[in-house]
Each structure stands twice: as C-alpha cells, then as structure tokens.
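Chemist: Structure incoming, see below.
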Amino acid sequence: MTVIAKAWHSASRTDAGKVRSGNEDAILDRPELGLWAVADGMGGHRNGALASRLIVDRLAEQACEGPLATRLAAIRQCLHDVNRQLSQALTVTTDCPDPVMGSTVVALVVGDDRAACVWAGDSRCYLWRGGRLYQLSRDHSLRQQLLDEHAMSAEQVAAHPAAHALTRAVGASERLQLDILEFETYPGDTLLLCSDGLYQDLPADALPAALGLPSASLVLRRLFDEALTGPARDNLSAVVVRR
C-alpha cells in the first residue's frame with residue numbers, strides 16, 4: 001500500500017439537508033492513501049445511494065503502489081468497471097420504463113508534488129492557492145453545455161427548466177467519459193471536493209471566505225454552517241484537503 005506523506009490533512013462531512021429524507025451522497029476521505037472523492041447519486045434514494053456508495057467503496061480499494069500515473073490509471077479503470085456494473089445491474093434487475101441508477105463523481109489523488117482530479121457530472125473540485133480561488137473541474141451539465149455553445153445567455157440558461165440535467169455520470173450510459181486534470185501542488189494549497197447541493201445555494205463570497213481559514217476542519221464547519229442556514233434543498237457533501 002502506498003502511504004502518502006503526512007503533509008496532507010483532510011476533513012469530510014455529508015448531510016441530508018433540510019428537505020430530503022435520505023442521503024444519496026457518499027464521500028471518501030483516505031489521506032493515508034492520498035485519495036478523496038465525493039459521489040452524488042441519482043435515481044431515487046435507493047438507487048442513488050447504492051450507486052454513490054459503490055463508487056466510493058471501489059475507489060477505496062485502489063491502493064496500488066507506484067507513481068501518480070499508475071494510481072490514476074487504476075482509478076480510471078475502477079470507475080469504468082463501476083459504470084459497467086451499474087449499467088448491467090439496471091438491465092437485469094429493473095422493470096421500470098426509464099430506469100436510472102448512477103452517480104456523479106469527483107476524485108482527487110495526490111503524489112509527492114503532483115495531483116490529479118478525475119470527474120464526471122457536476123460535483124466539483126476547487127483549489128484555493130495564494131489567496132485566489134480556482135474551479136478546477138468543469139460541470140458536465142446541460143447548463144454548462146448551453147453556455148459553452150453560446151446557445152443561450154446566462155440569464156436564459158438560469159431560467160431553463162432542465163439546466164441542471166447531467167450530460168455525464170457514472171452509470172448513465174454504456175460508455176463512461178471522464179475528464180482529468182493533473183497539476184502541481186504546493187505547501188498551503190487547499191482543495192475542496194463537493195456535491196452541487198453544497199455550492200449551488202452558497203453566496204459567491206462564501207467559498208473564498210471559508211477556504212482561507214487555517215484548518216480543513218474549520219473550513220468544513222464554516223461551509224456547512226452557511227449552507228444549512230439557507231434552503232439546503234439537496235444533500236450536502238464536501239471533503240477539504242490541505243497540504
């Protein structure tokens with residue numbers, strides 16, 4: 001098992017929010033493996049919770065030895081295997097006319113001075129560095145697609161009834177498309193993995209204000225305190241990772 005330098009510290013939390021009775025999110029917080037993830041399930045509580053839990057459980061098994069590239073390849077293969085399993089499970093076990101059983105995923109794996117973010121869907125990865133906030137992931141959603149294609153203005157997209165529909169997710173189709181970003185890391189970097197339930201209702205200044213706090217646990221507490229004072233219509237999940 002690869003043990004990552006103790007320079008990395010993390011904190012994680014998930015909450016059902018104020019409206020939903022169940023929680024379809026799942027989180028992975030394994031600093032000793034240099035591996036973290038957030039998965040946001042879809043398909044109703046039972047199917048969504050099963051899908052997100054399967055993703056994080058399988059990712060937790062990816063503790064292979066070797067450089068970052070080797071470990072990243074293992075994570076990618078793991079997610080493709082889970083995608084295949086979810087697709088097959090729906091084909092065999094459900095008689096619903098439009099079955100859904102899938103999940104977003106955003107995962108972070110670190111080496112000595114480099115890291116990689118892997119994602120499908122609209123769960124996000126943010127980087128706080130040198131007093132500036134960067135969104136490293138790009139949403140796989142209809143909203144983002146319409147903006148990228150300049151098909152609608154930002155105001156029109158915001159009013160679109162299907163703007164939050166996903167264009168990619170684990171289990172959503174037979175062929176999974178993942179996006180990957182590799183980057184260098186530096187002492188003082190703070191990374192946030194979160195589901196859309198956390199970021200969608202926070203004011204624009206909430207993330208910078210929280211991520212500048214001195215510890216991962218304080219960042220997490222501030223984010224959830226602020227999110228839960230709002231409507232919190234969706235499940236909330238986050239992992240804060242600090243070097």
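By convention in this document, the chains of the structure tokens carry letters A, B, ... by their order, each chain's residues are numbered from 1, and ligands are numbered from 1 in the order they are shown.
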Just want the 12 Å neighbourhood of A:Gln77, counted on only C-alpha atoms, with same-chain residues fewer than 4 positions away dropped. Output as a CSV table (one decimal) with N, CA, C and O atoms, in the first residue's frame.

Modeler:
chain,number,residue,atom,x,y,z
A,55,ILE,N,-19.3,3.4,-5.8
A,55,ILE,CA,-18.2,4.2,-6.3
A,55,ILE,C,-17.1,4.4,-5.2
A,55,ILE,O,-16.0,4.1,-5.4
A,58,ARG,N,-15.4,1.1,-4.1
A,58,ARG,CA,-14.5,0.5,-5.0
A,58,ARG,C,-13.2,1.4,-5.1
A,58,ARG,O,-12.1,0.9,-5.3
A,59,LEU,N,-13.4,2.7,-5.1
A,59,LEU,CA,-12.2,3.6,-5.1
A,59,LEU,C,-11.3,3.3,-3.9
A,59,LEU,O,-10.1,3.4,-4.0
A,62,GLN,N,-8.5,1.0,-4.3
A,62,GLN,CA,-7.4,1.4,-5.2
A,62,GLN,C,-6.2,1.9,-4.5
A,62,GLN,O,-5.9,3.1,-4.5
A,70,THR,N,0.4,5.7,-12.4
A,70,THR,CA,-0.1,4.3,-12.2
A,70,THR,C,-1.3,4.3,-11.4
A,70,THR,O,-2.3,3.6,-11.7
A,71,ARG,N,-1.4,5.1,-10.3
A,71,ARG,CA,-2.5,5.1,-9.5
A,71,ARG,C,-3.7,5.7,-10.2
A,71,ARG,O,-4.9,5.3,-10.0
A,72,LEU,N,-3.4,6.8,-11.0
A,72,LEU,CA,-4.5,7.4,-11.7
A,72,LEU,C,-5.1,6.4,-12.7
A,72,LEU,O,-6.4,6.4,-12.9
A,73,ALA,N,-4.3,5.7,-13.4
A,73,ALA,CA,-4.8,4.7,-14.3
A,73,ALA,C,-5.7,3.7,-13.6
A,73,ALA,O,-6.8,3.2,-14.1
A,81,ASP,N,-15.1,0.2,-14.6
A,81,ASP,CA,-15.7,-1.0,-14.1
A,81,ASP,C,-17.0,-0.8,-13.4
A,81,ASP,O,-18.0,-1.6,-13.6
A,82,VAL,N,-17.1,0.2,-12.5
A,82,VAL,CA,-18.3,0.5,-11.8
A,82,VAL,C,-19.4,0.9,-12.8
A,82,VAL,O,-20.6,0.5,-12.7
A,83,ASN,N,-19.0,1.7,-13.8
A,83,ASN,CA,-20.0,2.1,-14.8
A,83,ASN,C,-20.6,0.9,-15.5
A,83,ASN,O,-21.9,0.8,-15.7
A,84,ARG,N,-19.8,0.0,-15.8
A,84,ARG,CA,-20.3,-1.3,-16.5
A,84,ARG,C,-21.2,-2.0,-15.5
A,84,ARG,O,-22.2,-2.5,-15.9
A,118,VAL,N,-10.2,13.8,-11.1
A,118,VAL,CA,-11.0,13.0,-12.1
A,118,VAL,C,-12.5,13.2,-11.8
A,118,VAL,O,-12.9,13.1,-10.7
A,176,LEU,N,-18.5,5.4,-20.4
A,176,LEU,CA,-18.2,6.5,-19.5
A,176,LEU,C,-17.1,7.4,-20.0
A,176,LEU,O,-16.1,6.9,-20.4
A,177,GLN,N,-17.4,8.7,-20.0
A,177,GLN,CA,-16.4,9.7,-20.3
A,177,GLN,C,-16.0,10.4,-19.1
A,177,GLN,O,-16.8,11.0,-18.4
A,178,LEU,N,-14.7,10.4,-18.8
A,178,LEU,CA,-14.1,11.1,-17.6
A,178,LEU,C,-13.3,12.2,-18.1
A,178,LEU,O,-12.6,12.1,-19.1

Chemist: Go through stretch 110-129 of chain A residue by residue and, counting only C-alpha atoms, keep those with an atom at most 12 Å from stretch 38-41 of chain A; for each kept residue give the shortest atom pair and its distance in Å to one decimal, ordered by chain and increasing number, as CSV.

Modeler:
residue,atom,partner,partner_atom,distance
A:Cys117,CA,A:Val38,CA,11.5
A:Val118,CA,A:Val38,CA,10.8
A:Trp119,CA,A:Ala39,CA,9.5
A:Ala120,CA,A:Ala39,CA,9.5
A:Gly121,CA,A:Asp40,CA,8.8
A:Asp122,CA,A:Asp40,CA,8.8
A:Ser123,CA,A:Asp40,CA,7.2
A:Arg124,CA,A:Val38,CA,8.6
A:Cys125,CA,A:Val38,CA,9.5

Chemist: Would you kindly return, as a list in words, each protein, DNA or RNA residue with an atom no farther than 8 Å from any atom of A:Arg242, considering only C-alpha atoms and excluding same-chain residues fewer than 6 positions away?

Modeler: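 Using only C-alpha atoms, the neighbours found are Trp8, His9, Ser10, Gly188, Asp189, Thr190, Leu191, Ser215 and Ala216 of chain A.
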
Chemist: Quick one: of A:Gly48, A:Pro31, A:Gly111, A:Gly22, who's nearest to A:Gly66, counting only C-alpha atoms?

Modeler: A:Gly111

Chemist: Would you pick out the contacts of A:Leu220 at 8 Å or less, using only C-alpha atoms, so that residues sharing its chain but fewer than 6 positions from it are not included, and give the list as an NGL selection string?

Modeler: :A and (11-13 or 210 or 238-240)

Chemist: Find, counting only C-alpha atoms, the residue in A:Glu65, A:Gln145, A:Ala232, A:Ala209 that gets nearest to A:Ala162.

Modeler: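 Distance minimum relative to A:Ala162 lands on A:Gln145.
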
Chemist: Excluding same-chain residues fewer than 3 positions from A:Arg20, what lies within 10 Å of it counting only C-alpha atoms, as a list in words?

Modeler: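 With the cut-off at 10 Å, the set is Asp15, Ala16, Gly17, Asn23, Glu24, His45, Ala232, Arg233, Asp234 and Asn235 of chain A.
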
Chemist: Could you find all residues in stretch 7-104 of chain A that DSSP calls strand (DSSP E) from the backbone, and write them as a list in words?

Modeler: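 Filtering stretch 7-104 of chain A down to strand (DSSP E) leaves His9, Ser10, Ala11, Ser12, Arg13, Thr14, Asp15, Asp25, Ala26, Ile27, Leu28, Asp29, Arg30, Leu35, Trp36, Ala37, Val38, Ala39, Asp40, Gly41, Met42, Gly102, Ser103 and Thr104 of chain A.
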
Chemist: Output C-alpha atoms for every residue in the selection just made, as a short mmCIF file (atom, residue, chain, number, x, y, z; two decimals), in the first residue's frame.

Modeler:
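out08.cif written:
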data_model
loop_
_atom_site.label_atom_id
_atom_site.label_comp_id
_atom_site.auth_asym_id
_atom_site.auth_seq_id
_atom_site.Cartn_x
_atom_site.Cartn_y
_atom_site.Cartn_z
CA HIS A 9 -4.58 16.68 6.02
CA SER A 10 -8.30 16.41 5.36
CA ALA A 11 -11.79 16.65 6.83
CA SER A 12 -15.09 15.47 5.40
CA ARG A 13 -18.82 15.66 6.05
CA THR A 14 -22.14 14.76 4.43
CA ASP A 15 -25.64 15.87 5.42
CA ASP A 25 -24.26 11.26 -1.47
CA ALA A 26 -21.19 9.31 -0.42
CA ILE A 27 -17.70 10.50 0.48
CA LEU A 28 -14.22 9.01 0.59
CA ASP A 29 -11.63 10.51 2.93
CA ARG A 30 -8.40 8.49 2.93
CA LEU A 35 -7.23 9.63 -2.20
CA TRP A 36 -10.50 11.50 -1.70
CA ALA A 37 -13.85 11.54 -3.51
CA VAL A 38 -17.41 12.81 -3.47
CA ALA A 39 -20.20 10.98 -5.30
CA ASP A 40 -23.75 12.32 -5.69
CA GLY A 41 -26.20 9.53 -6.52
CA MET A 42 -29.23 9.79 -8.78
CA GLY A 102 -25.99 6.41 -11.42
CA SER A 103 -23.87 8.99 -9.70
CA THR A 104 -21.60 11.92 -10.29
#

Chemist: Smallest atom-to-atom distance to A:Asp139: which of A:Tyr186, A:Leu223, A:Leu108, A:Asp196, using only C-alpha atoms?

Modeler: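 Of A:Tyr186, A:Leu223, A:Leu108, A:Asp196, the one nearest A:Asp139 is A:Asp196, counting only C-alpha atoms.
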